[in-house]
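Engineer: Dropping the structure in here first, questions after.
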Amino acid sequence: MRKYLFLIKTAWQRQLVYRATVYGYRLGNIFDVLFQVTIWTAVYKSTSVVYGYNYNEMITYVMIGWLINFMTANYGIEDVVSRNIQNGELNVYLTRPLSYLRSIITMSIGRTSIALISGVALQLLFIFIFQNHMVAQTDLSIILVIFIIVILGYFVRLLLSILFGLIAFWATDVSGLNSFFATFIRLLSGGYAPLSLLPAMLYKLSLFFPFAYIVFFPTQLYLGKLDLMDGIKGVGVELLWLVLLYVIIKIVWNKGLKKYEGVGI
Amino acid sequence: MKTIEVKNLSKVYEYYKKQPGLWASVKGLFKREKLFTEAVKGINFSIEEGELVGFLGPNGAGKTTTLKMLSGILYPSSGEATVLGFTPHKRQKEYQKQFALVMGQKNQLWWDLPAMESFILNKEIYEVSDEDFKKNLDELVGLLDIKDILDVQVRKLSLGQRMKCELVAALLHKPKILFLDEPTIGLDVVAQKNIRDFIKKYNQEQKTTIILTSHYMDDIKELCKRVVIIDHGTIIYDGALDDLIKKYAPYKVLNITFNDKGVEKTQVEKYGIIQKYNQYAVSIEVNREEVKKVATAILSSDLPVDDIMIDEVDIDEVIRKIFKK
């Protein structure tokens, strides 16, 4: 266990080297947030309710949605995994007394922590600025459930990223796939707009998949559109997905590794 | 028990054939012709504790594939390898803690951090005690003379400095076996020599069993008493470096210098095959058994001999001849 803690520490130190990159990303995010606010403000000029959201609720969705997006982001672990496989860096892991999967999970915690702090800080500033246009959630039990869902969401997203990264065992160039993956996750998690905008059938369907629980679900809880009971159910669904994803990753990893090692040829 | 024991070890790679052209690429998405290539073909060898063995062979001969099988990265297609009593591809921790693999073209150091951070991480990964870590580090840093670069970002180091740090990272846990895959590749002559000197000294002091692959004959000549030559996946020679010369070069070279007016080519042709000729210096290939006789004959002839030397054939040339066959 100790060695994995050191991996977090080392990854964290590495991240500190890249402060400038981190701020660069945040600068980009400022425009993302402002853009969404502008669009919705324009939409609400002609109507007062969109799919059951009034203006303040929508602004809250954007603000809290981004906050959660920052908290669950892993900034392209799928790229790290696929690079490790393709450049043969995996060899280093395979020859050392260290599990690759556990390493990549712990390393990403170290890797994302700095970005997380700066992203959350920036978003809290936004929330402070827009507080008059936002809905407040004061129920502590709801906030606690949201918090648990967000932490689980981080790991759901992380495992999904790792799973996608593992495709590199079979495909020679995955950069295109990875960029599709990032957009796909963001869309299905409700990162662009509330999933309630989807046709009812699709919306119901989306709740069976892990994506919705990353951004959309906790934001709905915050808005009070879902109650505590729903929240606890959500935690259950996420936990199930985490187990399932872990099992799938294990299977894919073992298959991929067999190909990598050239077993049975 | 032998430290490394390899029996009938083979490795077959699978790959796909692709015809040139765009249309062929599109077709390739649906149907591909699977081909196999045998990178290592049933090789046998064993290595004793503390030996420093050189693996020699052209690109694609199977050297790296063999090392990868010994370090557990690749699964052998058939045959078996036993290292320190372990089966490498099972990747047991107890085995992994006792060997290290250094690849000249890959690095295990964290690129963006000073090498020291990677060392500390390796200390944890290999569960080295504080005491041993300090002792080993001081020793290695002293031997390689890199005290002043430990706190510099790895990306800012020269290739030679980086290789030294790679070696430190690999040796901190005092492995019993060290696999070195082209450790001097791309280095300048001075850096090559530094690395070589270090490997030699380390092998002598620590009795670490080392397998070294290299393209550079100098590495092998300087370091290895025993050499294993691999070509097209098979071992074509396994034995002492000195014997290799005797086996593949059944002749020696007489280097004779002349004074006065020198000699005509026709005057020396009868002694053997002329390798190099000019008026004052001639190199002649002569069979090993006859070399003394011929030398005496030349000295007692009326040629204006100034000096005569009997030399072994250059090892590089021997190797080149072997691979040409």
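Quick note on naming: the chains in the structure tokens go A, B, ... in the order shown, residues restart at 1 in each chain, and ligands are numbered from 1 in order of appearance.
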Could you list the residues in chain A lying within 8 Å of chain B, using only C-alpha atoms, and format the result as a ChimeraX atom specification?
Structural biologist: /A:2-3,6-7,10,13-14,17,88-89,91-92,94-98,260-265
Engineer: Among the residues of range 86-220 of chain B, find those DSSP assigns to strand (DSSP E) from the backbone and print them as an MDAnalysis selection string.
Structural biologist: chainID B and resid 99:103 177:181 209:213
Engineer: Compile the contact shell of Asp243 in chain B as number ranges by chain: residues with an atom at most 12 Å away, counting only C-alpha atoms, same-chain residues fewer than 4 positions apart removed.
Structural biologist: B: 225-228, 237-239, 247-250, 312, 315, 318
Engineer: Considering only C-alpha atoms, state which residue in the set B:Lys174, B:Arg196, B:Lys2, B:Lys135 is at the smallest distance from Gly85 in chain B.
Structural biologist: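 Smallest separation from Gly85 in chain B among the options: B:Lys2.
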Engineer: What's around Ile162 in chain A at 9 Å? Count only C-alpha atoms, leave out sequence neighbours fewer than 3 positions away in its own chain, and write the answer as a PyMOL selection string.
Structural biologist: chain A and resi 77-82+101+104-105+157-159+165-166+249
Engineer: Figure out the distance between CA of Lys292 in chain B and CA of Gln279 in chain B, please, to one decimal in Å.
Structural biologist: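 A separation of 22.9 Å between them.
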